>>> print(open('data_28.cif').read())   # mmCIF, C-alpha atoms and all ligand atoms
data_coords
#
loop_
_atom_site.group_PDB
_atom_site.id
_atom_site.type_symbol
_atom_site.label_atom_id
_atom_site.label_comp_id
_atom_site.auth_asym_id
_atom_site.auth_seq_id
_atom_site.Cartn_x
_atom_site.Cartn_y
_atom_site.Cartn_z
ATOM 1 C CA MET A 1 128.662 79.847 111.635
ATOM 2 C CA LYS A 2 127.231 82.621 109.460
ATOM 3 C CA ILE A 3 124.112 84.443 110.644
ATOM 4 C CA GLU A 4 122.188 86.284 107.941
ATOM 5 C CA LYS A 5 119.262 88.538 108.723
ATOM 6 C CA ALA A 6 116.748 89.427 106.013
ATOM 7 C CA ARG A 7 116.564 93.067 104.925
ATOM 8 C CA HIS A 8 112.863 93.436 105.868
ATOM 9 C CA THR A 9 112.555 92.674 109.590
ATOM 10 C CA GLY A 10 110.806 94.403 112.480
ATOM 11 C CA PHE A 11 107.423 96.078 112.338
ATOM 12 C CA CYS A 12 105.793 96.681 108.981
ATOM 13 C CA PHE A 13 104.531 100.154 108.182
ATOM 14 C CA GLY A 14 100.939 99.342 109.260
ATOM 15 C CA VAL A 15 101.877 97.866 112.639
ATOM 16 C CA ARG A 16 104.330 100.687 113.420
ATOM 17 C CA ARG A 17 101.599 103.188 112.578
ATOM 18 C CA ALA A 18 99.011 101.367 114.751
ATOM 19 C CA ILE A 19 101.337 101.263 117.757
ATOM 20 C CA ASP A 20 102.293 104.939 117.355
ATOM 21 C CA LEU A 21 98.631 105.981 117.172
ATOM 22 C CA ALA A 22 97.735 103.855 120.219
ATOM 23 C CA GLU A 23 100.657 105.218 122.250
ATOM 24 C CA LYS A 24 99.720 108.786 121.343
ATOM 25 C CA ALA A 25 96.085 108.177 122.329
ATOM 26 C CA ALA A 26 97.142 106.529 125.610
ATOM 27 C CA ALA A 27 99.191 109.592 126.502
ATOM 28 C CA GLU A 28 96.108 111.770 126.018
ATOM 29 C CA ARG A 29 93.498 109.536 127.676
ATOM 30 C CA HIS A 30 93.949 107.336 130.686
ATOM 31 C CA GLY A 31 92.860 103.679 130.660
ATOM 32 C CA LEU A 32 92.343 103.051 126.968
ATOM 33 C CA ASP A 33 90.955 99.823 125.477
ATOM 34 C CA THR A 34 91.622 98.227 122.109
ATOM 35 C CA LEU A 35 88.977 96.105 120.457
ATOM 36 C CA GLY A 36 90.861 92.833 120.022
ATOM 37 C CA ALA A 37 94.653 92.635 120.094
ATOM 38 C CA ILE A 38 96.086 95.695 118.335
ATOM 39 C CA VAL A 39 98.729 93.408 116.818
ATOM 40 C CA HIS A 40 99.310 89.679 117.246
ATOM 41 C CA ASN A 41 102.469 89.938 119.317
ATOM 42 C CA ARG A 42 102.638 89.177 123.036
ATOM 43 C CA GLN A 43 105.614 91.455 123.770
ATOM 44 C CA VAL A 44 103.903 94.415 122.088
ATOM 45 C CA LEU A 45 100.682 93.783 124.026
ATOM 46 C CA GLU A 46 102.630 93.648 127.285
ATOM 47 C CA HIS A 47 104.319 96.955 126.392
ATOM 48 C CA LEU A 48 100.931 98.552 125.653
ATOM 49 C CA ALA A 49 99.469 97.137 128.888
ATOM 50 C CA ARG A 50 102.196 99.006 130.778
ATOM 51 C CA LEU A 51 100.867 102.210 129.163
ATOM 52 C CA GLY A 52 97.372 101.388 130.454
ATOM 53 C CA ILE A 53 96.093 99.975 127.163
ATOM 54 C CA ARG A 54 94.209 96.711 127.468
ATOM 55 C CA ALA A 55 92.575 94.530 124.849
ATOM 56 C CA VAL A 56 88.865 93.701 125.124
ATOM 57 C CA ASN A 57 87.049 91.328 122.832
ATOM 58 C CA ASP A 58 83.553 92.648 123.184
ATOM 59 C CA ILE A 59 82.045 96.104 122.711
ATOM 60 C CA ASP A 60 80.246 95.614 126.079
ATOM 61 C CA ASP A 61 83.627 95.463 127.845
ATOM 62 C CA ILE A 62 84.868 98.890 126.653
ATOM 63 C CA ARG A 63 85.521 100.962 129.801
ATOM 64 C CA GLY A 64 85.916 104.539 128.645
ATOM 65 C CA LYS A 65 84.632 106.957 126.033
ATOM 66 C CA ALA A 66 87.116 105.875 123.351
ATOM 67 C CA VAL A 67 88.374 102.630 121.878
ATOM 68 C CA VAL A 68 91.285 101.798 119.600
ATOM 69 C CA ILE A 69 90.535 99.732 116.503
ATOM 70 C CA SER A 70 93.430 97.472 115.582
ATOM 71 C CA SER A 71 95.442 97.459 112.344
ATOM 72 C CA HIS A 72 93.178 94.567 111.221
ATOM 73 C CA GLY A 73 90.179 96.906 111.018
ATOM 74 C CA ILE A 74 86.520 96.192 111.785
ATOM 75 C CA SER A 75 83.260 96.037 109.873
ATOM 76 C CA PRO A 76 81.161 99.219 109.404
ATOM 77 C CA GLN A 77 78.399 97.480 111.383
ATOM 78 C CA ARG A 78 80.650 97.046 114.421
ATOM 79 C CA ALA A 79 81.918 100.616 114.081
ATOM 80 C CA GLU A 80 78.313 101.817 114.055
ATOM 81 C CA ALA A 81 77.503 99.746 117.171
ATOM 82 C CA ILE A 82 80.414 101.453 118.969
ATOM 83 C CA ARG A 83 79.433 104.957 117.855
ATOM 84 C CA SER A 84 75.802 104.372 118.894
ATOM 85 C CA ARG A 85 77.114 104.100 122.475
ATOM 86 C CA GLN A 86 78.791 107.512 122.159
ATOM 87 C CA ILE A 87 82.234 105.891 122.212
ATOM 88 C CA ASP A 88 84.908 107.546 120.027
ATOM 89 C CA ILE A 89 86.877 105.382 117.643
ATOM 90 C CA ILE A 90 90.645 105.755 117.335
ATOM 91 C CA ASP A 91 91.097 103.970 114.050
ATOM 92 C CA THR A 92 94.498 102.371 113.374
ATOM 93 C CA THR A 93 93.286 100.196 110.497
ATOM 94 C CA CYS A 94 96.225 99.645 108.161
ATOM 95 C CA PRO A 95 95.746 101.517 104.856
ATOM 96 C CA PHE A 96 96.405 98.237 102.981
ATOM 97 C CA VAL A 97 93.604 96.529 104.919
ATOM 98 C CA HIS A 98 91.371 99.509 104.194
ATOM 99 C CA ARG A 99 92.112 99.088 100.490
ATOM 100 C CA ALA A 100 90.756 95.519 100.746
ATOM 101 C CA GLN A 101 87.721 96.766 102.702
ATOM 102 C CA LEU A 102 86.919 99.344 100.013
ATOM 103 C CA ALA A 103 87.336 96.733 97.286
ATOM 104 C CA ALA A 104 84.857 94.465 99.110
ATOM 105 C CA ARG A 105 82.342 97.294 99.403
ATOM 106 C CA ARG A 106 82.749 98.243 95.728
ATOM 107 C CA LEU A 107 82.259 94.663 94.578
ATOM 108 C CA ALA A 108 79.216 94.069 96.785
ATOM 109 C CA LYS A 109 77.627 97.330 95.599
ATOM 110 C CA ALA A 110 78.161 96.250 91.998
ATOM 111 C CA GLY A 111 76.261 93.021 92.706
ATOM 112 C CA PHE A 112 79.193 90.644 93.168
ATOM 113 C CA PHE A 113 79.212 87.872 95.749
ATOM 114 C CA VAL A 114 82.513 88.452 97.566
ATOM 115 C CA ALA A 115 84.857 85.507 98.151
ATOM 116 C CA VAL A 116 87.755 86.316 100.476
ATOM 117 C CA TYR A 117 90.724 83.966 100.276
ATOM 118 C CA GLY A 118 91.714 83.834 103.946
ATOM 119 C CA GLU A 119 91.078 82.540 107.435
ATOM 120 C CA ALA A 120 87.371 82.942 108.155
ATOM 121 C CA GLU A 121 87.937 83.529 111.872
ATOM 122 C CA HIS A 122 90.654 86.168 111.469
ATOM 123 C CA PRO A 123 89.482 89.653 112.565
ATOM 124 C CA GLU A 124 90.724 91.276 109.347
ATOM 125 C CA VAL A 125 88.733 88.823 107.229
ATOM 126 C CA LYS A 126 85.578 89.221 109.309
ATOM 127 C CA GLY A 127 85.910 92.989 108.946
ATOM 128 C CA ILE A 128 86.338 92.784 105.150
ATOM 129 C CA LEU A 129 83.207 90.634 104.844
ATOM 130 C CA GLY A 130 81.344 93.241 106.875
ATOM 131 C CA TRP A 131 82.354 95.867 104.286
ATOM 132 C CA ALA A 132 80.744 93.573 101.709
ATOM 133 C CA GLN A 133 77.510 93.818 103.751
ATOM 134 C CA ASP A 134 78.074 90.121 104.566
ATOM 135 C CA LYS A 135 77.248 89.282 100.922
ATOM 136 C CA GLY A 136 80.157 86.879 100.743
ATOM 137 C CA ILE A 137 82.203 84.121 102.234
ATOM 138 C CA ALA A 138 85.758 83.586 103.504
ATOM 139 C CA THR A 139 87.589 80.357 102.860
ATOM 140 C CA MET A 140 90.897 78.818 101.820
ATOM 141 C CA ASP A 141 89.177 75.873 100.169
ATOM 142 C CA VAL A 142 87.951 76.604 96.651
ATOM 143 C CA GLN A 143 85.409 73.776 96.935
ATOM 144 C CA VAL A 144 83.505 75.844 99.485
ATOM 145 C CA VAL A 145 82.808 78.417 96.756
ATOM 146 C CA ALA A 146 82.479 75.843 93.978
ATOM 147 C CA SER A 147 79.769 73.963 95.854
ATOM 148 C CA LEU A 148 77.516 77.009 96.311
ATOM 149 C CA ASP A 149 74.223 76.083 94.699
ATOM 150 C CA PRO A 150 73.503 77.956 92.549
ATOM 151 C CA LEU A 151 76.941 79.422 91.935
ATOM 152 C CA PRO A 152 76.556 83.238 92.124
ATOM 153 C CA ARG A 153 76.371 84.847 88.654
ATOM 154 C CA ARG A 154 79.017 87.399 89.641
ATOM 155 C CA ILE A 155 81.874 86.532 92.012
ATOM 156 C CA GLY A 156 84.458 89.017 93.277
ATOM 157 C CA LEU A 157 87.634 87.455 94.680
ATOM 158 C CA LEU A 158 89.924 89.196 97.196
ATOM 159 C CA SER A 159 92.652 88.005 99.520
ATOM 160 C CA GLN A 160 93.388 88.532 103.194
ATOM 161 C CA THR A 161 96.340 90.968 103.073
ATOM 162 C CA THR A 162 98.807 88.542 104.661
ATOM 163 C CA GLN A 163 98.221 85.464 102.487
ATOM 164 C CA THR A 164 100.864 83.911 100.224
ATOM 165 C CA PRO A 165 100.690 85.247 96.619
ATOM 166 C CA GLU A 166 101.359 81.809 95.038
ATOM 167 C CA GLN A 167 98.580 80.146 97.024
ATOM 168 C CA PHE A 168 96.170 82.968 96.243
ATOM 169 C CA ALA A 169 97.023 82.562 92.548
ATOM 170 C CA GLU A 170 96.386 78.788 92.816
ATOM 171 C CA PHE A 171 93.013 79.431 94.431
ATOM 172 C CA ALA A 172 92.151 82.028 91.761
ATOM 173 C CA LYS A 173 93.079 79.655 88.907
ATOM 174 C CA LYS A 174 90.826 76.939 90.311
ATOM 175 C CA LEU A 175 88.004 79.425 90.750
ATOM 176 C CA ILE A 176 88.414 80.582 87.126
ATOM 177 C CA ASP A 177 87.824 76.969 86.011
ATOM 178 C CA VAL A 178 84.727 76.707 88.192
ATOM 179 C CA ALA A 179 83.292 80.055 87.077
ATOM 180 C CA PHE A 180 83.903 79.438 83.355
ATOM 181 C CA THR A 181 82.178 76.090 83.351
ATOM 182 C CA GLN A 182 79.149 77.514 85.142
ATOM 183 C CA ASN A 183 78.822 80.733 83.195
ATOM 184 C CA SER A 184 79.697 83.016 86.098
ATOM 185 C CA GLU A 185 81.561 86.311 85.874
ATOM 186 C CA LEU A 186 84.709 86.493 87.991
ATOM 187 C CA HIS A 187 86.450 89.679 89.118
ATOM 188 C CA ILE A 188 89.802 89.176 90.894
ATOM 189 C CA ILE A 189 91.498 91.911 92.928
ATOM 190 C CA ASP A 190 94.905 91.203 94.428
ATOM 191 C CA THR A 191 94.759 92.708 97.925
ATOM 192 C CA ILE A 192 97.904 91.074 99.341
ATOM 193 C CA CYS A 193 100.047 93.690 101.098
ATOM 194 C CA HIS A 194 103.356 94.793 99.500
ATOM 195 C CA ASP A 195 105.274 94.391 102.742
ATOM 196 C CA ILE A 196 104.161 90.775 103.113
ATOM 197 C CA ARG A 197 105.062 90.060 99.503
ATOM 198 C CA ALA A 198 108.602 91.460 100.038
ATOM 199 C CA ARG A 199 109.099 89.566 103.311
ATOM 200 C CA GLN A 200 107.950 86.277 101.817
ATOM 201 C CA ALA A 201 110.158 86.667 98.722
ATOM 202 C CA GLU A 202 113.191 87.445 100.906
ATOM 203 C CA ALA A 203 112.419 84.548 103.260
ATOM 204 C CA VAL A 204 112.258 82.066 100.373
ATOM 205 C CA LYS A 205 115.522 83.384 98.886
ATOM 206 C CA LEU A 206 117.255 83.080 102.237
ATOM 207 C CA ALA A 207 115.780 79.662 103.082
ATOM 208 C CA ARG A 208 117.192 78.290 99.801
ATOM 209 C CA LYS A 209 120.777 78.999 100.840
ATOM 210 C CA VAL A 210 120.868 78.340 104.599
ATOM 211 C CA ASP A 211 120.657 75.125 106.637
ATOM 212 C CA LEU A 212 118.473 76.603 109.380
ATOM 213 C CA MET A 213 115.849 79.339 109.368
ATOM 214 C CA LEU A 214 114.545 81.112 112.438
ATOM 215 C CA VAL A 215 111.261 82.969 111.982
ATOM 216 C CA VAL A 216 110.791 85.496 114.772
ATOM 217 C CA GLY A 217 107.216 86.414 115.655
ATOM 218 C CA GLY A 218 104.017 85.688 117.511
ATOM 219 C CA ARG A 219 102.529 82.203 117.276
ATOM 220 C CA SER A 220 99.096 83.771 116.828
ATOM 221 C CA SER A 221 100.322 85.993 113.974
ATOM 222 C CA ALA A 222 98.989 84.833 110.600
ATOM 223 C CA ASN A 223 101.815 86.367 108.568
ATOM 224 C CA THR A 224 104.512 84.918 110.867
ATOM 225 C CA ASN A 225 103.023 81.439 110.478
ATOM 226 C CA HIS A 226 102.916 81.841 106.692
ATOM 227 C CA LEU A 227 106.611 82.765 106.665
ATOM 228 C CA ALA A 228 107.426 79.693 108.756
ATOM 229 C CA GLN A 229 105.406 77.431 106.441
ATOM 230 C CA LEU A 230 107.137 78.815 103.332
ATOM 231 C CA CYS A 231 110.614 78.375 104.847
ATOM 232 C CA ALA A 232 109.862 74.899 106.241
ATOM 233 C CA ARG A 233 109.314 73.639 102.691
ATOM 234 C CA LEU A 234 112.923 74.514 101.895
ATOM 235 C CA THR A 235 114.963 73.956 105.045
ATOM 236 C CA GLU A 236 114.788 73.217 108.770
ATOM 237 C CA THR A 237 112.742 76.041 110.282
ATOM 238 C CA HIS A 238 111.730 77.080 113.780
ATOM 239 C CA LEU A 239 109.310 79.809 114.810
ATOM 240 C CA VAL A 240 110.447 81.612 117.967
ATOM 241 C CA GLU A 241 108.725 84.379 119.874
ATOM 242 C CA THR A 242 111.839 85.319 121.859
ATOM 243 C CA ALA A 243 115.580 84.562 121.915
ATOM 244 C CA ALA A 244 115.075 82.436 125.039
ATOM 245 C CA GLU A 245 113.288 79.781 122.960
ATOM 246 C CA ILE A 246 116.334 78.929 120.816
ATOM 247 C CA GLN A 247 117.461 75.373 121.543
ATOM 248 C CA PRO A 248 121.226 74.602 121.375
ATOM 249 C CA SER A 249 120.451 71.308 119.565
ATOM 250 C CA TRP A 250 119.073 73.264 116.562
ATOM 251 C CA LEU A 251 122.522 74.716 115.921
ATOM 252 C CA GLU A 252 124.433 71.426 115.879
ATOM 253 C CA GLY A 253 126.263 71.056 112.569
ATOM 254 C CA LYS A 254 124.734 74.231 111.133
ATOM 255 C CA ARG A 255 126.942 76.550 109.096
ATOM 256 C CA HIS A 256 124.538 79.186 107.838
ATOM 257 C CA ILE A 257 121.457 80.472 109.699
ATOM 258 C CA GLY A 258 118.828 82.774 108.204
ATOM 259 C CA ILE A 259 116.591 85.068 110.225
ATOM 260 C CA VAL A 260 113.304 86.626 109.161
ATOM 261 C CA SER A 261 110.534 88.210 111.175
ATOM 262 C CA GLY A 262 106.785 88.635 111.012
ATOM 263 C CA ALA A 263 105.306 92.060 110.370
ATOM 264 C CA SER A 264 104.245 92.473 114.009
ATOM 265 C CA THR A 265 107.674 91.667 115.475
ATOM 266 C CA ASP A 266 109.733 94.384 117.123
ATOM 267 C CA GLU A 267 113.241 94.863 115.655
ATOM 268 C CA THR A 268 114.604 94.663 119.215
ATOM 269 C CA THR A 269 113.357 91.066 119.505
ATOM 270 C CA VAL A 270 114.985 90.209 116.162
ATOM 271 C CA ASN A 271 118.286 91.714 117.314
ATOM 272 C CA GLU A 272 118.061 89.755 120.569
ATOM 273 C CA VAL A 273 117.715 86.561 118.536
ATOM 274 C CA VAL A 274 120.808 87.474 116.481
ATOM 275 C CA ALA A 275 122.771 88.309 119.655
ATOM 276 C CA LYS A 276 121.723 85.038 121.297
ATOM 277 C CA LEU A 277 122.812 83.035 118.253
ATOM 278 C CA GLU A 278 126.168 84.791 118.225
ATOM 279 C CA GLU A 279 126.586 84.103 121.933
ATOM 280 C CA MET A 280 125.651 80.413 121.540
ATOM 281 C CA ASN A 281 127.979 80.114 118.571
ATOM 282 C CA GLN A 282 130.786 81.688 120.569
ATOM 283 C CA SER A 283 130.304 79.485 123.630
ATOM 284 C CA GLY A 284 130.049 76.387 121.374
ATOM 285 C CA ALA A 285 133.348 77.315 119.725
ATOM 286 C CA ASN A 286 134.945 77.865 123.148
ATOM 287 C CA LEU A 287 133.758 74.458 124.335
ATOM 288 C CA LYS A 288 135.352 72.763 121.324
ATOM 289 C CA ARG A 289 138.699 74.446 121.978
HETATM 290 FE FE1 LIG B 301 99.351 96.519 106.873
HETATM 291 FE FE2 LIG B 301 100.657 94.798 105.509
HETATM 292 FE FE3 LIG B 301 101.429 95.398 107.905
HETATM 293 S S1 LIG B 301 98.474 94.940 105.613
HETATM 294 S S2 LIG B 301 99.570 95.886 108.970
HETATM 295 S S3 LIG B 301 101.449 96.786 106.139
HETATM 296 S S4 LIG B 301 101.433 93.379 107.025
#
>>> encode(input="data_28.cif", output="structure tokens")
Amino acid sequence: MKIEKARHTGFCFGVRRAIDLAEKAAAERHGLDTLGAIVHNRQVLEHLARLGIRAVNDIDDIRGKAVVISSHGISPQRAEAIRSRQIDIIDTTCPFVHRAQLAARRLAKAGFFVAVYGEAEHPEVKGILGWAQDKGIATMDVQVVASLDPLPRRIGLLSQTTQTPEQFAEFAKKLIDVAFTQNSELHIIDTICHDIRARQAEAVKLARKVDLMLVVGGRSSANTNHLAQLCARLTETHLVETAAEIQPSWLEGKRHIGIVSGASTDETTVNEVVAKLEEMNQSGANLKR
């Protein structure tokens, strides 16, 4: 059995940066909170909890005089609400997310209604809409925008950073049709992150040549779920958070296994998955002897 790991695994640049900043801040201040999960990965959150960092969902629950903002970022309105309580912000917003935030602000200032292609309840998306002064909407269904009555004269389209480029392009094409027939101006800015683009392209390439894909990452991680969905269209795919979740039955009759990881997955977890597969392969071979 061949086990092939994608080139881009482990933390992306933005997640690595967020964790480093949080760890540094925790070493300087005791009992630090993060507003929301700093990354969507249970193992990482457990590691941070051991350093005294805990996630709170509400500004009212912040204990100390400083709070860490996650790589997903927050709206300027929320940031202002924190500062008004004399609480310092340790900002780990990923620079790629910030690029999308600035694009939303620029569009809204220029009079565009901002449509964000993404999950409306995701913290990154909520934050981006806040940068558009809430003059916008987040959806993955183009009909939601198309049915606005009247359709805004100027529409600016962005994407959540972790969406799939092909699906964003599909959405954009449909919105072009809607805007052209209703005399609206459409401005499209591709805000999908480069890391996600590279991971997805590699995952698809790998999924085409293997008979089983394992996607390593948090079940609550948007980008990990997107990877799993892309791979599942091409071959048998399982999403695992840890090596312990691998079922021996998945490996039966498999010759070539591909491994990819979400952007918030530690390389150690990926290596544990590889080691577990090798061990299971070895013990299976021994049993057959
Ligand atoms: Fe940033 Fe992209 Fe990672 S947006 S947090 S580098 S997935």
>>> residues_around(input="data_28.cif", residues="Ile176 in chain A", least_positions_apart="3", cutoff="12 Å", atoms="all atoms listed in the file", output="number ranges by chain")
A: 142, 145-146, 154-157, 169-173, 179-188
>>> residues_around(input="data_28.cif", residues="Gln229 in chain A", least_positions_apart="4", cutoff="12 Å", atoms="all atoms listed in the file", output="PDB file with C-alpha atoms, keeping the file's coordinate frame")
ATOM      1  CA  GLN A 163      98.221  85.464 102.487  1.00  0.00           C
ATOM      2  CA  THR A 164     100.864  83.911 100.224  1.00  0.00           C
ATOM      3  CA  GLN A 167      98.580  80.146  97.024  1.00  0.00           C
ATOM      4  CA  GLN A 200     107.950  86.277 101.817  1.00  0.00           C
ATOM      5  CA  ALA A 203     112.419  84.548 103.260  1.00  0.00           C
ATOM      6  CA  VAL A 204     112.258  82.066 100.373  1.00  0.00           C
ATOM      7  CA  ALA A 207     115.780  79.662 103.082  1.00  0.00           C
ATOM      8  CA  MET A 213     115.849  79.339 109.368  1.00  0.00           C
ATOM      9  CA  LEU A 214     114.545  81.112 112.438  1.00  0.00           C
ATOM     10  CA  VAL A 215     111.261  82.969 111.982  1.00  0.00           C
ATOM     11  CA  ALA A 222      98.989  84.833 110.600  1.00  0.00           C
ATOM     12  CA  ASN A 223     101.815  86.367 108.568  1.00  0.00           C
ATOM     13  CA  THR A 224     104.512  84.918 110.867  1.00  0.00           C
ATOM     14  CA  ASN A 225     103.023  81.439 110.478  1.00  0.00           C
ATOM     15  CA  ARG A 233     109.314  73.639 102.691  1.00  0.00           C
ATOM     16  CA  LEU A 234     112.923  74.514 101.895  1.00  0.00           C
ATOM     17  CA  THR A 235     114.963  73.956 105.045  1.00  0.00           C
ATOM     18  CA  GLU A 236     114.788  73.217 108.770  1.00  0.00           C
ATOM     19  CA  THR A 237     112.742  76.041 110.282  1.00  0.00           C
ATOM     20  CA  HIS A 238     111.730  77.080 113.780  1.00  0.00           C
ATOM     21  CA  LEU A 239     109.310  79.809 114.810  1.00  0.00           C
TER      22      LEU A 239
END
>>> closest_residue(input="data_28.cif", among="A:Leu206, A:Val39, A:Ile137, A:Ala6", to="ligand LIG 301 (chain B)", atoms="all atoms listed in the file")
A:Val39
>>> resolve_selection(input="data_28.cif", expression="the PyMOL selection byres (((chain A and resi 112-126) around 6) and not hetatm)", output="list in words")
His72, Gly73, Leu107, Ala108, Ala110, Gly111, Gly127, Ile128, Leu129, Lys135, Gly136, Ile137, Ala138, Thr139, Met140, Arg154, Ile155, Gly156, Leu157, Leu158, Ser159 and Gln160 of chain A
>>> closest_residue(input="data_28.cif", among="A:Val178, A:Met280, A:Val270, A:Ala275", to="Pro248 in chain A", atoms="only C-alpha atoms")
A:Met280
>>> residues_near_ligand(input="data_28.cif", ligand="ligand LIG 301 (chain B)", cutoff="7 Å", atoms="only C-alpha atoms and all ligand atoms", output="list in words")
Cys12, Phe13, Gly14, Val15, Ser71, His72, Cys94, Pro95, Phe96, Val97, Thr161, Thr162, Cys193, His194, Asp195, Ile196 and Ala263 of chain A
